[in-house]
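Reproduced below: protein14.cif, with mmCIF, C-alpha atoms.
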data_protein
#
loop_
_atom_site.group_PDB
_atom_site.id
_atom_site.type_symbol
_atom_site.label_atom_id
_atom_site.label_comp_id
_atom_site.auth_asym_id
_atom_site.auth_seq_id
_atom_site.Cartn_x
_atom_site.Cartn_y
_atom_site.Cartn_z
ATOM 1 C CA MET A 1 14.765 14.801 0.856
ATOM 2 C CA PHE A 2 12.738 14.098 -2.272
ATOM 3 C CA ASP A 3 13.479 14.735 -5.921
ATOM 4 C CA ASN A 4 11.923 18.007 -7.095
ATOM 5 C CA PHE A 5 10.790 16.215 -10.246
ATOM 6 C CA TYR A 6 9.029 13.452 -8.309
ATOM 7 C CA TYR A 7 5.943 12.152 -10.095
ATOM 8 C CA SER A 8 3.170 9.912 -8.846
ATOM 9 C CA ILE A 9 1.535 6.835 -10.375
ATOM 10 C CA HIS A 10 -0.626 5.919 -7.377
ATOM 11 C CA ASN A 11 -3.727 7.669 -8.723
ATOM 12 C CA LEU A 12 -3.592 6.435 -12.314
ATOM 13 C CA GLU A 13 -6.867 4.981 -13.540
ATOM 14 C CA ARG A 14 -7.220 2.714 -16.541
ATOM 15 C CA HIS A 15 -9.554 3.713 -19.369
ATOM 16 C CA SER A 16 -10.294 1.651 -22.439
ATOM 17 C CA LEU A 17 -11.959 1.877 -25.805
ATOM 18 C CA SER A 18 -12.219 -1.380 -27.702
ATOM 19 C CA ASN A 19 -8.636 -2.718 -27.737
ATOM 20 C CA LEU A 20 -7.071 0.635 -26.797
ATOM 21 C CA TYR A 21 -5.983 1.279 -23.209
ATOM 22 C CA TYR A 22 -4.606 4.336 -21.474
ATOM 23 C CA PHE A 23 -4.058 5.593 -17.912
ATOM 24 C CA LEU A 24 -5.000 9.012 -16.565
ATOM 25 C CA PRO A 25 -4.579 10.547 -13.076
ATOM 26 C CA ASP A 26 -7.973 10.535 -11.338
ATOM 27 C CA ASP A 27 -7.462 14.163 -10.256
ATOM 28 C CA LEU A 28 -6.706 15.373 -13.783
ATOM 29 C CA ASP A 29 -8.754 18.338 -14.978
ATOM 30 C CA GLU A 30 -12.009 17.022 -16.457
ATOM 31 C CA SER A 31 -11.710 19.080 -19.637
ATOM 32 C CA LEU A 32 -8.263 17.609 -20.302
ATOM 33 C CA LYS A 33 -9.597 14.114 -19.611
ATOM 34 C CA ASN A 34 -12.345 14.689 -22.164
ATOM 35 C CA ASP A 35 -9.841 15.953 -24.742
ATOM 36 C CA ILE A 36 -7.778 12.780 -24.328
ATOM 37 C CA LYS A 37 -10.885 10.579 -24.501
ATOM 38 C CA ALA A 38 -11.989 12.426 -27.614
ATOM 39 C CA ALA A 39 -8.624 11.813 -29.257
ATOM 40 C CA PHE A 40 -9.022 8.067 -28.687
ATOM 41 C CA VAL A 41 -12.604 8.119 -29.960
ATOM 42 C CA LYS A 42 -11.556 10.075 -33.057
ATOM 43 C CA TYR A 43 -8.772 7.582 -33.777
ATOM 44 C CA HIS A 44 -10.926 4.486 -33.182
ATOM 45 C CA MET A 45 -14.137 5.658 -34.869
ATOM 46 C CA GLY A 46 -12.471 7.546 -37.690
ATOM 47 C CA TYR A 47 -14.118 10.926 -37.095
ATOM 48 C CA LYS A 48 -12.660 13.822 -39.046
ATOM 49 C CA THR A 49 -12.243 16.265 -36.169
ATOM 50 C CA LEU A 50 -11.889 16.268 -32.375
ATOM 51 C CA GLU A 51 -15.027 18.410 -32.080
ATOM 52 C CA ILE A 52 -17.126 15.668 -33.656
ATOM 53 C CA ALA A 53 -15.611 13.117 -31.281
ATOM 54 C CA LYS A 54 -16.233 15.402 -28.278
ATOM 55 C CA ASN A 55 -19.893 15.723 -29.210
ATOM 56 C CA LYS A 56 -20.178 11.935 -29.286
ATOM 57 C CA ILE A 57 -18.779 11.473 -25.765
ATOM 58 C CA LYS A 58 -20.015 14.585 -23.946
ATOM 59 C CA ASN A 59 -23.100 12.816 -22.581
ATOM 60 C CA LEU A 60 -21.332 9.646 -21.514
ATOM 61 C CA ASN A 61 -21.720 8.817 -17.808
ATOM 62 C CA PRO A 62 -18.716 8.094 -15.578
ATOM 63 C CA SER A 63 -17.813 4.449 -15.100
ATOM 64 C CA LEU A 64 -20.508 2.646 -13.133
ATOM 65 C CA ALA A 65 -17.852 0.417 -11.602
ATOM 66 C CA LYS A 66 -16.977 3.160 -9.115
ATOM 67 C CA LYS A 67 -20.499 2.997 -7.722
ATOM 68 C CA GLU A 68 -20.388 -0.701 -6.924
ATOM 69 C CA PRO A 69 -20.045 -1.517 -3.183
ATOM 70 C CA TYR A 70 -16.766 -3.421 -3.527
ATOM 71 C CA ASN A 71 -15.195 -0.610 -5.545
ATOM 72 C CA LEU A 72 -16.390 2.013 -3.073
ATOM 73 C CA LEU A 73 -14.881 0.053 -0.186
ATOM 74 C CA LEU A 74 -11.584 -0.345 -2.020
ATOM 75 C CA GLU A 75 -11.508 3.365 -2.809
ATOM 76 C CA ASP A 76 -12.167 4.261 0.854
ATOM 77 C CA ILE A 77 -9.379 1.983 2.110
ATOM 78 C CA LEU A 78 -6.863 3.348 -0.380
ATOM 79 C CA ASN A 79 -7.826 6.946 0.405
ATOM 80 C CA THR A 80 -7.275 6.273 4.117
ATOM 81 C CA VAL A 81 -3.868 4.766 3.438
ATOM 82 C CA TRP A 82 -2.825 7.574 1.103
ATOM 83 C CA GLN A 83 -3.774 10.223 3.650
ATOM 84 C CA ALA A 84 -1.641 8.448 6.251
ATOM 85 C CA LYS A 85 1.228 7.960 3.816
ATOM 86 C CA THR A 86 1.118 11.640 2.852
ATOM 87 C CA GLU A 87 1.393 12.552 6.520
ATOM 88 C CA PHE A 88 4.330 10.132 6.907
ATOM 89 C CA ARG A 89 6.132 11.864 4.043
ATOM 90 C CA LYS A 90 5.441 15.295 5.540
ATOM 91 C CA ASN A 91 6.803 14.154 8.902
ATOM 92 C CA LEU A 92 9.903 12.798 7.206
ATOM 93 C CA ASP A 93 10.437 16.014 5.243
ATOM 94 C CA ASN A 94 10.163 18.076 8.440
ATOM 95 C CA LEU A 95 12.332 15.765 10.520
ATOM 96 C CA LYS A 96 15.054 17.622 12.419
ATOM 97 C CA LEU A 97 17.611 15.142 13.695
ATOM 98 C CA LYS A 98 19.475 15.878 16.905
ATOM 99 C CA GLU A 99 22.554 14.275 15.361
ATOM 100 C CA GLU A 100 23.359 12.680 12.025
ATOM 101 C CA THR A 101 24.792 9.189 12.417
ATOM 102 C CA VAL A 102 25.091 5.975 10.444
ATOM 103 C CA ILE A 103 21.877 4.828 12.137
ATOM 104 C CA SER A 104 19.880 7.942 11.267
ATOM 105 C CA LEU A 105 21.188 7.734 7.685
ATOM 106 C CA GLY A 106 20.071 4.126 7.380
ATOM 107 C CA LEU A 107 16.646 4.943 8.804
ATOM 108 C CA THR A 108 15.903 8.059 6.749
ATOM 109 C CA SER A 109 17.141 6.524 3.500
ATOM 110 C CA THR A 110 14.951 3.423 3.978
ATOM 111 C CA PHE A 111 11.858 5.455 4.855
ATOM 112 C CA ILE A 112 12.452 7.623 1.773
ATOM 113 C CA ARG A 113 12.835 4.521 -0.378
ATOM 114 C CA LEU A 114 9.414 3.329 0.785
ATOM 115 C CA GLU A 115 7.826 6.022 -1.410
ATOM 116 C CA ASN A 116 8.416 3.911 -4.514
ATOM 117 C CA SER A 117 7.026 0.819 -2.827
ATOM 118 C CA TYR A 118 3.791 2.591 -1.928
ATOM 119 C CA GLU A 119 3.491 4.064 -5.425
ATOM 120 C CA SER A 120 3.857 0.745 -7.202
ATOM 121 C CA LEU A 121 1.617 -1.048 -4.701
ATOM 122 C CA PHE A 122 -1.266 1.383 -5.204
ATOM 123 C CA PHE A 123 -1.019 0.923 -8.951
ATOM 124 C CA LEU A 124 -1.047 -2.882 -8.646
ATOM 125 C CA ILE A 125 -3.984 -2.965 -6.220
ATOM 126 C CA LYS A 126 -6.125 -0.590 -8.288
ATOM 127 C CA ASN A 127 -5.528 -2.722 -11.366
ATOM 128 C CA GLN A 128 -6.192 -5.986 -9.500
ATOM 129 C CA PHE A 129 -2.756 -7.613 -9.698
ATOM 130 C CA PHE A 130 -3.232 -9.567 -6.491
ATOM 131 C CA PHE A 131 -0.158 -11.770 -5.990
ATOM 132 C CA GLU A 132 2.128 -9.053 -7.305
ATOM 133 C CA SER A 133 0.635 -6.500 -4.907
ATOM 134 C CA VAL A 134 1.008 -8.823 -1.909
ATOM 135 C CA SER A 135 4.684 -9.239 -2.809
ATOM 136 C CA ILE A 136 5.156 -5.468 -2.539
ATOM 137 C CA ASN A 137 3.204 -5.510 0.719
ATOM 138 C CA ARG A 138 5.725 -8.026 1.989
ATOM 139 C CA LEU A 139 8.579 -5.823 0.774
ATOM 140 C CA ILE A 140 7.172 -2.840 2.709
ATOM 141 C CA PHE A 141 6.797 -4.996 5.822
ATOM 142 C CA GLU A 142 10.421 -6.134 5.590
ATOM 143 C CA GLN A 143 11.726 -2.592 5.039
ATOM 144 C CA LEU A 144 9.862 -1.416 8.146
ATOM 145 C CA ASN A 145 11.135 -4.391 10.122
ATOM 146 C CA TYR A 146 14.684 -3.566 8.992
ATOM 147 C CA CYS A 147 14.292 -0.003 10.272
ATOM 148 C CA LEU A 148 13.095 -1.159 13.668
ATOM 149 C CA ASN A 149 15.926 -3.664 14.035
ATOM 150 C CA LEU A 150 18.465 -1.060 12.942
ATOM 151 C CA SER A 151 17.173 1.389 15.548
ATOM 152 C CA GLN A 152 18.112 -1.020 18.333
ATOM 153 C CA PHE A 153 21.810 -0.177 17.891
ATOM 154 C CA THR A 154 23.883 2.817 18.812
ATOM 155 C CA PRO A 155 26.252 4.003 16.061
ATOM 156 C CA GLU A 156 29.175 2.506 17.988
ATOM 157 C CA GLU A 157 27.469 -0.870 18.364
ATOM 158 C CA TYR A 158 26.576 -0.930 14.690
ATOM 159 C CA GLU A 159 30.137 -0.143 13.606
ATOM 160 C CA ASN A 160 31.477 -3.043 15.692
ATOM 161 C CA LEU A 161 29.033 -5.672 14.433
ATOM 162 C CA SER A 162 30.555 -8.636 12.637
ATOM 163 C CA PHE A 163 29.109 -9.711 9.312
ATOM 164 C CA ASN A 164 27.293 -12.654 10.883
ATOM 165 C CA GLN A 165 25.932 -10.510 13.733
ATOM 166 C CA MET A 166 24.665 -7.923 11.279
ATOM 167 C CA LYS A 167 23.116 -10.585 9.054
ATOM 168 C CA SER A 168 21.325 -12.156 12.003
ATOM 169 C CA SER A 169 20.153 -8.923 13.650
ATOM 170 C CA LEU A 170 18.919 -7.253 10.454
ATOM 171 C CA SER A 171 17.451 -10.369 8.846
ATOM 172 C CA PRO A 172 13.942 -9.894 7.360
ATOM 173 C CA THR A 173 12.766 -12.918 9.363
ATOM 174 C CA ASN A 174 13.929 -11.435 12.670
ATOM 175 C CA ILE A 175 10.578 -9.995 13.745
ATOM 176 C CA LYS A 176 10.852 -10.304 17.528
ATOM 177 C CA ASN A 177 11.284 -6.534 18.026
ATOM 178 C CA LEU A 178 8.257 -5.833 15.856
ATOM 179 C CA LYS A 179 6.208 -8.278 17.915
ATOM 180 C CA ASN A 180 7.235 -6.419 21.061
ATOM 181 C CA ILE A 181 6.033 -2.976 19.967
ATOM 182 C CA LEU A 182 2.895 -4.345 18.273
ATOM 183 C CA PRO A 183 1.821 -7.089 20.707
ATOM 184 C CA GLU A 184 -1.838 -7.145 19.605
ATOM 185 C CA SER A 185 -1.215 -7.228 15.861
ATOM 186 C CA GLU A 186 -0.394 -10.921 15.279
ATOM 187 C CA ILE A 187 2.778 -9.947 13.450
ATOM 188 C CA GLY A 188 3.929 -13.538 12.986
ATOM 189 C CA LYS A 189 0.666 -14.580 11.358
ATOM 190 C CA PHE A 190 0.627 -11.458 9.177
ATOM 191 C CA TYR A 191 4.176 -12.031 7.894
ATOM 192 C CA SER A 192 3.401 -15.697 7.271
ATOM 193 C CA GLU A 193 0.356 -14.814 5.139
ATOM 194 C CA LEU A 194 2.301 -12.281 3.108
ATOM 195 C CA SER A 195 5.055 -14.836 2.505
ATOM 196 C CA GLU A 196 2.611 -17.563 1.454
ATOM 197 C CA PHE A 197 1.075 -15.305 -1.187
ATOM 198 C CA ALA A 198 4.416 -13.862 -2.313
ATOM 199 C CA HIS A 199 5.846 -17.355 -2.829
ATOM 200 C CA ILE A 200 2.504 -18.730 -4.100
ATOM 201 C CA ASP A 201 2.547 -21.467 -1.486
ATOM 202 C CA MET A 202 0.685 -24.667 -2.415
ATOM 203 C CA LYS A 203 -2.142 -23.825 -0.003
ATOM 204 C CA ARG A 204 -2.681 -20.532 -1.892
ATOM 205 C CA VAL A 205 -3.092 -22.086 -5.341
ATOM 206 C CA ARG A 206 -6.860 -22.187 -4.758
ATOM 207 C CA ASP A 207 -6.824 -18.380 -4.734
ATOM 208 C CA TYR A 208 -6.258 -18.357 -8.483
ATOM 209 C CA LEU A 209 -7.133 -21.863 -9.714
ATOM 210 C CA ASN A 210 -10.591 -23.371 -9.251
ATOM 211 C CA PHE A 211 -12.525 -26.223 -10.851
ATOM 212 C CA SER A 212 -15.822 -25.177 -12.439
ATOM 213 C CA GLU A 213 -18.515 -27.832 -12.697
ATOM 214 C CA LYS A 214 -20.354 -25.599 -15.159
ATOM 215 C CA VAL A 215 -17.650 -25.878 -17.807
ATOM 216 C CA ASN A 216 -16.097 -29.057 -16.412
ATOM 217 C CA ASP A 217 -12.663 -27.477 -16.413
ATOM 218 C CA TYR A 218 -10.273 -25.406 -14.302
ATOM 219 C CA LEU A 219 -10.602 -21.623 -14.323
ATOM 220 C CA ILE A 220 -7.721 -19.271 -13.584
ATOM 221 C CA THR A 221 -8.608 -16.100 -11.678
ATOM 222 C CA LEU A 222 -6.669 -13.161 -13.087
ATOM 223 C CA LYS A 223 -8.692 -10.253 -11.652
ATOM 224 C CA ASP A 224 -10.932 -10.146 -8.601
ATOM 225 C CA ILE A 225 -11.989 -6.980 -6.762
ATOM 226 C CA ARG A 226 -12.275 -8.964 -3.515
ATOM 227 C CA GLN A 227 -8.623 -9.899 -3.736
ATOM 228 C CA SER A 228 -7.747 -6.256 -4.282
ATOM 229 C CA ILE A 229 -9.624 -5.387 -1.097
ATOM 230 C CA LEU A 230 -7.671 -8.045 0.804
ATOM 231 C CA SER A 231 -4.383 -6.620 -0.456
ATOM 232 C CA ALA A 232 -5.551 -3.110 0.427
ATOM 233 C CA MET A 233 -6.307 -4.317 3.966
ATOM 234 C CA TYR A 234 -2.789 -5.748 4.164
ATOM 235 C CA LEU A 235 -1.549 -2.337 3.067
ATOM 236 C CA LEU A 236 -3.612 -0.618 5.768
ATOM 237 C CA LYS A 237 -2.047 -2.913 8.362
ATOM 238 C CA ASN A 238 1.385 -2.064 6.968
ATOM 239 C CA THR A 239 0.443 1.599 7.345
ATOM 240 C CA GLU A 240 -0.205 1.034 11.027
ATOM 241 C CA ILE A 241 3.153 -0.735 11.364
ATOM 242 C CA HIS A 242 4.788 2.156 9.491
ATOM 243 C CA GLY A 243 3.382 4.748 11.888
ATOM 244 C CA ALA A 244 4.450 2.824 14.995
ATOM 245 C CA VAL A 245 7.922 1.976 13.668
ATOM 246 C CA PHE A 246 8.613 5.544 12.511
ATOM 247 C CA GLU A 247 7.754 6.969 15.938
ATOM 248 C CA TYR A 248 9.746 4.297 17.755
ATOM 249 C CA CYS A 249 12.817 4.796 15.551
ATOM 250 C CA PHE A 250 12.943 8.584 15.798
ATOM 251 C CA TYR A 251 11.572 9.181 19.292
ATOM 252 C CA ASN A 252 15.081 9.638 20.736
ATOM 253 C CA LEU A 253 16.688 10.928 17.536
ATOM 254 C CA ALA A 254 14.411 13.898 16.842
ATOM 255 C CA ASP A 255 11.529 15.885 18.293
ATOM 256 C CA ILE A 256 8.387 14.173 17.014
ATOM 257 C CA LYS A 257 4.732 14.075 18.008
ATOM 258 C CA LEU A 258 3.414 10.645 18.991
ATOM 259 C CA LYS A 259 0.170 9.413 17.421
ATOM 260 C CA PHE A 260 0.562 5.664 16.932
ATOM 261 C CA LEU A 261 2.474 5.222 20.193
ATOM 262 C CA LYS A 262 2.253 6.767 23.640
ATOM 263 C CA THR A 263 4.492 6.866 26.706
ATOM 264 C CA GLN A 264 3.580 4.669 29.654
ATOM 265 C CA LYS A 265 5.867 4.392 32.675
ATOM 266 C CA GLU A 266 8.692 5.887 30.609
ATOM 267 C CA LYS A 267 8.201 3.273 27.867
ATOM 268 C CA LEU A 268 6.726 3.519 24.387
ATOM 269 C CA VAL A 269 3.570 1.442 23.959
ATOM 270 C CA LEU A 270 0.953 1.162 21.244
ATOM 271 C CA ASN A 271 -1.740 3.828 21.397
ATOM 272 C CA PRO A 272 -5.129 2.010 21.584
ATOM 273 C CA LYS A 273 -6.864 5.104 20.156
ATOM 274 C CA ARG A 274 -4.792 5.245 16.978
ATOM 275 C CA ARG A 275 -6.907 6.155 13.955
ATOM 276 C CA THR A 276 -5.793 3.269 11.760
ATOM 277 C CA LYS A 277 -7.115 0.666 14.211
ATOM 278 C CA THR A 278 -10.615 2.155 14.160
ATOM 279 C CA LYS A 279 -10.567 2.427 10.365
ATOM 280 C CA TYR A 280 -9.281 -1.128 9.969
ATOM 281 C CA ASN A 281 -12.071 -2.581 12.111
ATOM 282 C CA ASN A 282 -14.667 -0.533 10.239
ATOM 283 C CA TYR A 283 -13.479 -1.751 6.842
ATOM 284 C CA VAL A 284 -13.415 -5.390 7.995
ATOM 285 C CA ASP A 285 -17.040 -5.061 9.103
ATOM 286 C CA ARG A 286 -18.052 -3.494 5.783
ATOM 287 C CA TYR A 287 -16.295 -6.232 3.826
ATOM 288 C CA ASN A 288 -17.872 -9.052 5.822
ATOM 289 C CA LYS A 289 -21.336 -7.543 5.286
ATOM 290 C CA LEU A 290 -20.711 -7.343 1.542
ATOM 291 C CA LEU A 291 -19.753 -11.016 1.441
ATOM 292 C CA ILE A 292 -23.097 -11.869 3.044
ATOM 293 C CA LEU A 293 -25.238 -9.522 0.944
ATOM 294 C CA LEU A 294 -23.689 -9.934 -2.498
#
What is this file in structure tokens?
Amino acid sequence: MFDNFYYSIHNLERHSLSNLYYFLPDDLDESLKNDIKAAFVKYHMGYKTLEIAKNKIKNLNPSLAKKEPYNLLLEDILNTVWQAKTEFRKNLDNLKLKEETVISLGLTSTFIRLENSYESLFFLIKNQFFFESVSINRLIFEQLNYCLNLSQFTPEEYENLSFNQMKSSLSPTNIKNLKNILPESEIGKFYSELSEFAHIDMKRVRDYLNFSEKVNDYLITLKDIRQSILSAMYLLKNTEIHGAVFEYCFYNLADIKLKFLKTQKEKLVLNPKRRTKTKYNNYVDRYNKLLILL
């Protein structure tokens, strides 16, 4: 289902030297990382050879930012999400449909398309582009909601829908079905928050513009690790929605193993023991403690 030449940007980390910036995958071989760093040092400092530059940087410690509590929390949340997303992709790759229809085509193509959304969102969160990352969070939410609404139709029903019926049923704001399968998740409130940030609602202006008595002027917040954590938590909630929606959509279309949902009296209901719920609660507790301590 995926391009053989697929490449990932989710794990790119920014490095800098003076006014020079570059991005490297965090899982890149350390010796290659050092060679690239040495090349930048050689260029910036004017050393004659790479060996001289390597000797200058060989004793440098890794970035201390990774050891800060907020950064560690952000890294843990993103790792949890990426593990879940990787499993989603594996499940999609191994999906064996009982029958290929216009509905199954719409579902599989949308779930495949989500790969790009996750990739770009990880990059934005890690580099602290808050409002931009929430906009992609909202996009993921709406793609998942579209899939769930689409799954409500049989191929015959879908083919006979009028334009207005299709527009109404598959509208991004039609979240009643999502509320039904995720009754404890405050879906309406979640979607409203994502929309406020995505549209930079007036009540959200304070999240980037604040008056400072110290300088007697307004300060614009461009980067804030706490905002990145908030966006990462939104992403984790989207991950939970993803898992539930995927299982609901394909339960009758393919043989799949339920993890986010379970059967109860011949109906699909949310599994209270799902891993993402436990992780989400744990991360909220850690974040609240950091706000008190730091």
Which neighbours of Arg89 of chain A fall inside 9 Å, counting all atoms listed in the file, when residues of the same chain fewer than 6 positions from it are skipped, and could you give them as a VMD selection string? chain A and resid 111 to 112 115
The PyMOL selection byres ((chain A and resi 10-14) around 7) on the file shown: which residues, as a list in words? Ser8, Ile9, His15, Ser16, Tyr21, Tyr22, Phe23, Leu24, Pro25, Asp26, Glu119, Ser120, Phe122 and Phe123 of chain A
Expected file: the selected residues, C-alpha atoms, as a compact mmCIF listing (two decimals), keeping the file's coordinate frame:
# COMPACT_ATOMS: atom_id res chain seq x y z
CA SER A 8 3.17 9.91 -8.85
CA ILE A 9 1.54 6.84 -10.38
CA HIS A 15 -9.55 3.71 -19.37
CA SER A 16 -10.29 1.65 -22.44
CA TYR A 21 -5.98 1.28 -23.21
CA TYR A 22 -4.61 4.34 -21.47
CA PHE A 23 -4.06 5.59 -17.91
CA LEU A 24 -5.00 9.01 -16.57
CA PRO A 25 -4.58 10.55 -13.08
CA ASP A 26 -7.97 10.54 -11.34
CA GLU A 119 3.49 4.06 -5.42
CA SER A 120 3.86 0.74 -7.20
CA PHE A 122 -1.27 1.38 -5.20
CA PHE A 123 -1.02 0.92 -8.95
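We find atom CA of Ile187 of chain A and atom CA of Cys147 of chain A to be spaced 15.5 Å apart.
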Shell around Ile52 of chain A at 10 Å using only C-alpha atoms, local window under 6 positions removed, as an MDAnalysis selection string: chainID A and resid 38 41:42
Expected selection from the PyMOL selection byres ((chain A and resi 90) around 12), given as a PyMOL selection string: chain A and resi 1-2+83-89+91-95+111-112+115+256
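Residues captured in this structure file are Thr110, Arg138, Leu139, Ile140, Phe141, Tyr146, Cys147, Leu148, Asn149, Pro172, Ile175, Leu178, His242 and Val245 of chain A, according to the PyMOL selection byres ((chain A and resi 142-145) around 7).
Counting all atoms listed in the file, the residue from A:Glu240, A:Glu266, A:Glu184, A:Glu247 that sits nearest to Ser151 of chain A is A:Glu247.
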For segment 34-36 of chain A: contacts at 9 Å, only C-alpha atoms, fewer than 3 positions along chain excluded, given as a PDB file with C-alpha atoms, in the coordinates of the input:
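Done, and the output landed in selection31.pdb:
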ATOM      1  CA  ASP A  29      -8.754  18.338 -14.978  1.00  0.00           C
ATOM      2  CA  GLU A  30     -12.009  17.022 -16.457  1.00  0.00           C
ATOM      3  CA  SER A  31     -11.710  19.080 -19.637  1.00  0.00           C
ATOM      4  CA  ALA A  39      -8.624  11.813 -29.257  1.00  0.00           C
ATOM      5  CA  PHE A  40      -9.022   8.067 -28.687  1.00  0.00           C
ATOM      6  CA  VAL A  41     -12.604   8.119 -29.960  1.00  0.00           C
ATOM      7  CA  LEU A  50     -11.889  16.268 -32.375  1.00  0.00           C
ATOM      8  CA  LYS A  54     -16.233  15.402 -28.278  1.00  0.00           C
ATOM      9  CA  ILE A  57     -18.779  11.473 -25.765  1.00  0.00           C
ATOM     10  CA  LYS A  58     -20.015  14.585 -23.946  1.00  0.00           C
TER      11      LYS A  58
END
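The residue set within 9 Å of Leu150 of chain A, counting all atoms listed in the file and dropping same-chain residues fewer than 3 places from it, reads A:Ile103, A:Gly106, A:Leu107, A:Asn145, A:Tyr146, A:Cys147, A:Phe153, A:Thr154, A:Tyr158, A:Ser169, A:Leu170, A:Cys249.
When only C-alpha atoms are used to measure the gap to Asn288 of chain A, the shortest distance among A:Lys56, A:Lys167, A:Arg226, A:Lys179 belongs to A:Arg226.
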Please indicate the distance in Å from atom CA of Ala198 of chain A to atom CA of Gln227 of chain A, rounded to one decimal place. 13.7 Å
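Minimum atom-to-atom distances from A:Phe190, A:Phe197, A:Phe163, A:Tyr47 to Ile136 of chain A were compared using all atoms listed in the file, and the lowest value belongs to A:Phe197.
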What gap, in Å, lies between atom CA of Phe246 of chain A and atom CA of Pro272 of chain A? 16.8 Å
Rank A:Asn137, A:Ser109, A:Thr173, A:Thr101 by their smallest atom-to-atom distance to Pro155 of chain A, using only C-alpha atoms, and report the top residue only. A:Thr101
Would you mind writing segment 255-267 of chain A with N, CA, C and O atoms, as a CSV table (one decimal), in the frame of the given file?
chain,number,residue,atom,x,y,z
A,255,ASP,N,12.7,15.5,17.6
A,255,ASP,CA,11.5,15.9,18.3
A,255,ASP,C,10.3,15.6,17.4
A,255,ASP,O,10.1,16.2,16.4
A,256,ILE,N,9.5,14.6,17.8
A,256,ILE,CA,8.4,14.2,17.0
A,256,ILE,C,7.2,14.1,17.9
A,256,ILE,O,7.3,13.9,19.1
A,257,LYS,N,6.0,14.2,17.3
A,257,LYS,CA,4.7,14.1,18.0
A,257,LYS,C,4.2,12.7,17.9
A,257,LYS,O,4.1,12.1,16.8
A,258,LEU,N,3.9,12.0,19.0
A,258,LEU,CA,3.4,10.6,19.0
A,258,LEU,C,1.9,10.6,18.7
A,258,LEU,O,1.1,11.3,19.2
A,259,LYS,N,1.6,9.7,17.8
A,259,LYS,CA,0.2,9.4,17.4
A,259,LYS,C,-0.1,7.9,17.5
A,259,LYS,O,-1.2,7.5,17.9
A,260,PHE,N,0.8,7.1,16.9
A,260,PHE,CA,0.6,5.7,16.9
A,260,PHE,C,1.0,5.0,18.2
A,260,PHE,O,0.5,4.0,18.6
A,261,LEU,N,2.0,5.7,18.9
A,261,LEU,CA,2.5,5.2,20.2
A,261,LEU,C,2.2,6.2,21.3
A,261,LEU,O,1.7,7.4,21.0
A,262,LYS,N,2.4,5.8,22.5
A,262,LYS,CA,2.3,6.8,23.6
A,262,LYS,C,3.2,6.3,24.7
A,262,LYS,O,3.7,5.2,24.7
A,263,THR,N,3.6,7.2,25.6
A,263,THR,CA,4.5,6.9,26.7
A,263,THR,C,3.7,6.3,27.9
A,263,THR,O,2.6,6.9,28.3
A,264,GLN,N,4.2,5.3,28.5
A,264,GLN,CA,3.6,4.7,29.7
A,264,GLN,C,4.7,4.1,30.6
A,264,GLN,O,5.4,3.2,30.2
A,265,LYS,N,4.8,4.8,31.7
A,265,LYS,CA,5.9,4.4,32.7
A,265,LYS,C,7.2,4.5,32.0
A,265,LYS,O,8.0,3.6,32.1
A,266,GLU,N,7.4,5.6,31.3
A,266,GLU,CA,8.7,5.9,30.6
A,266,GLU,C,9.0,4.9,29.5
A,266,GLU,O,10.2,4.8,29.0
A,267,LYS,N,8.0,4.2,29.0
A,267,LYS,CA,8.2,3.3,27.9
A,267,LYS,C,7.2,3.6,26.8
A,267,LYS,O,6.2,4.2,27.0
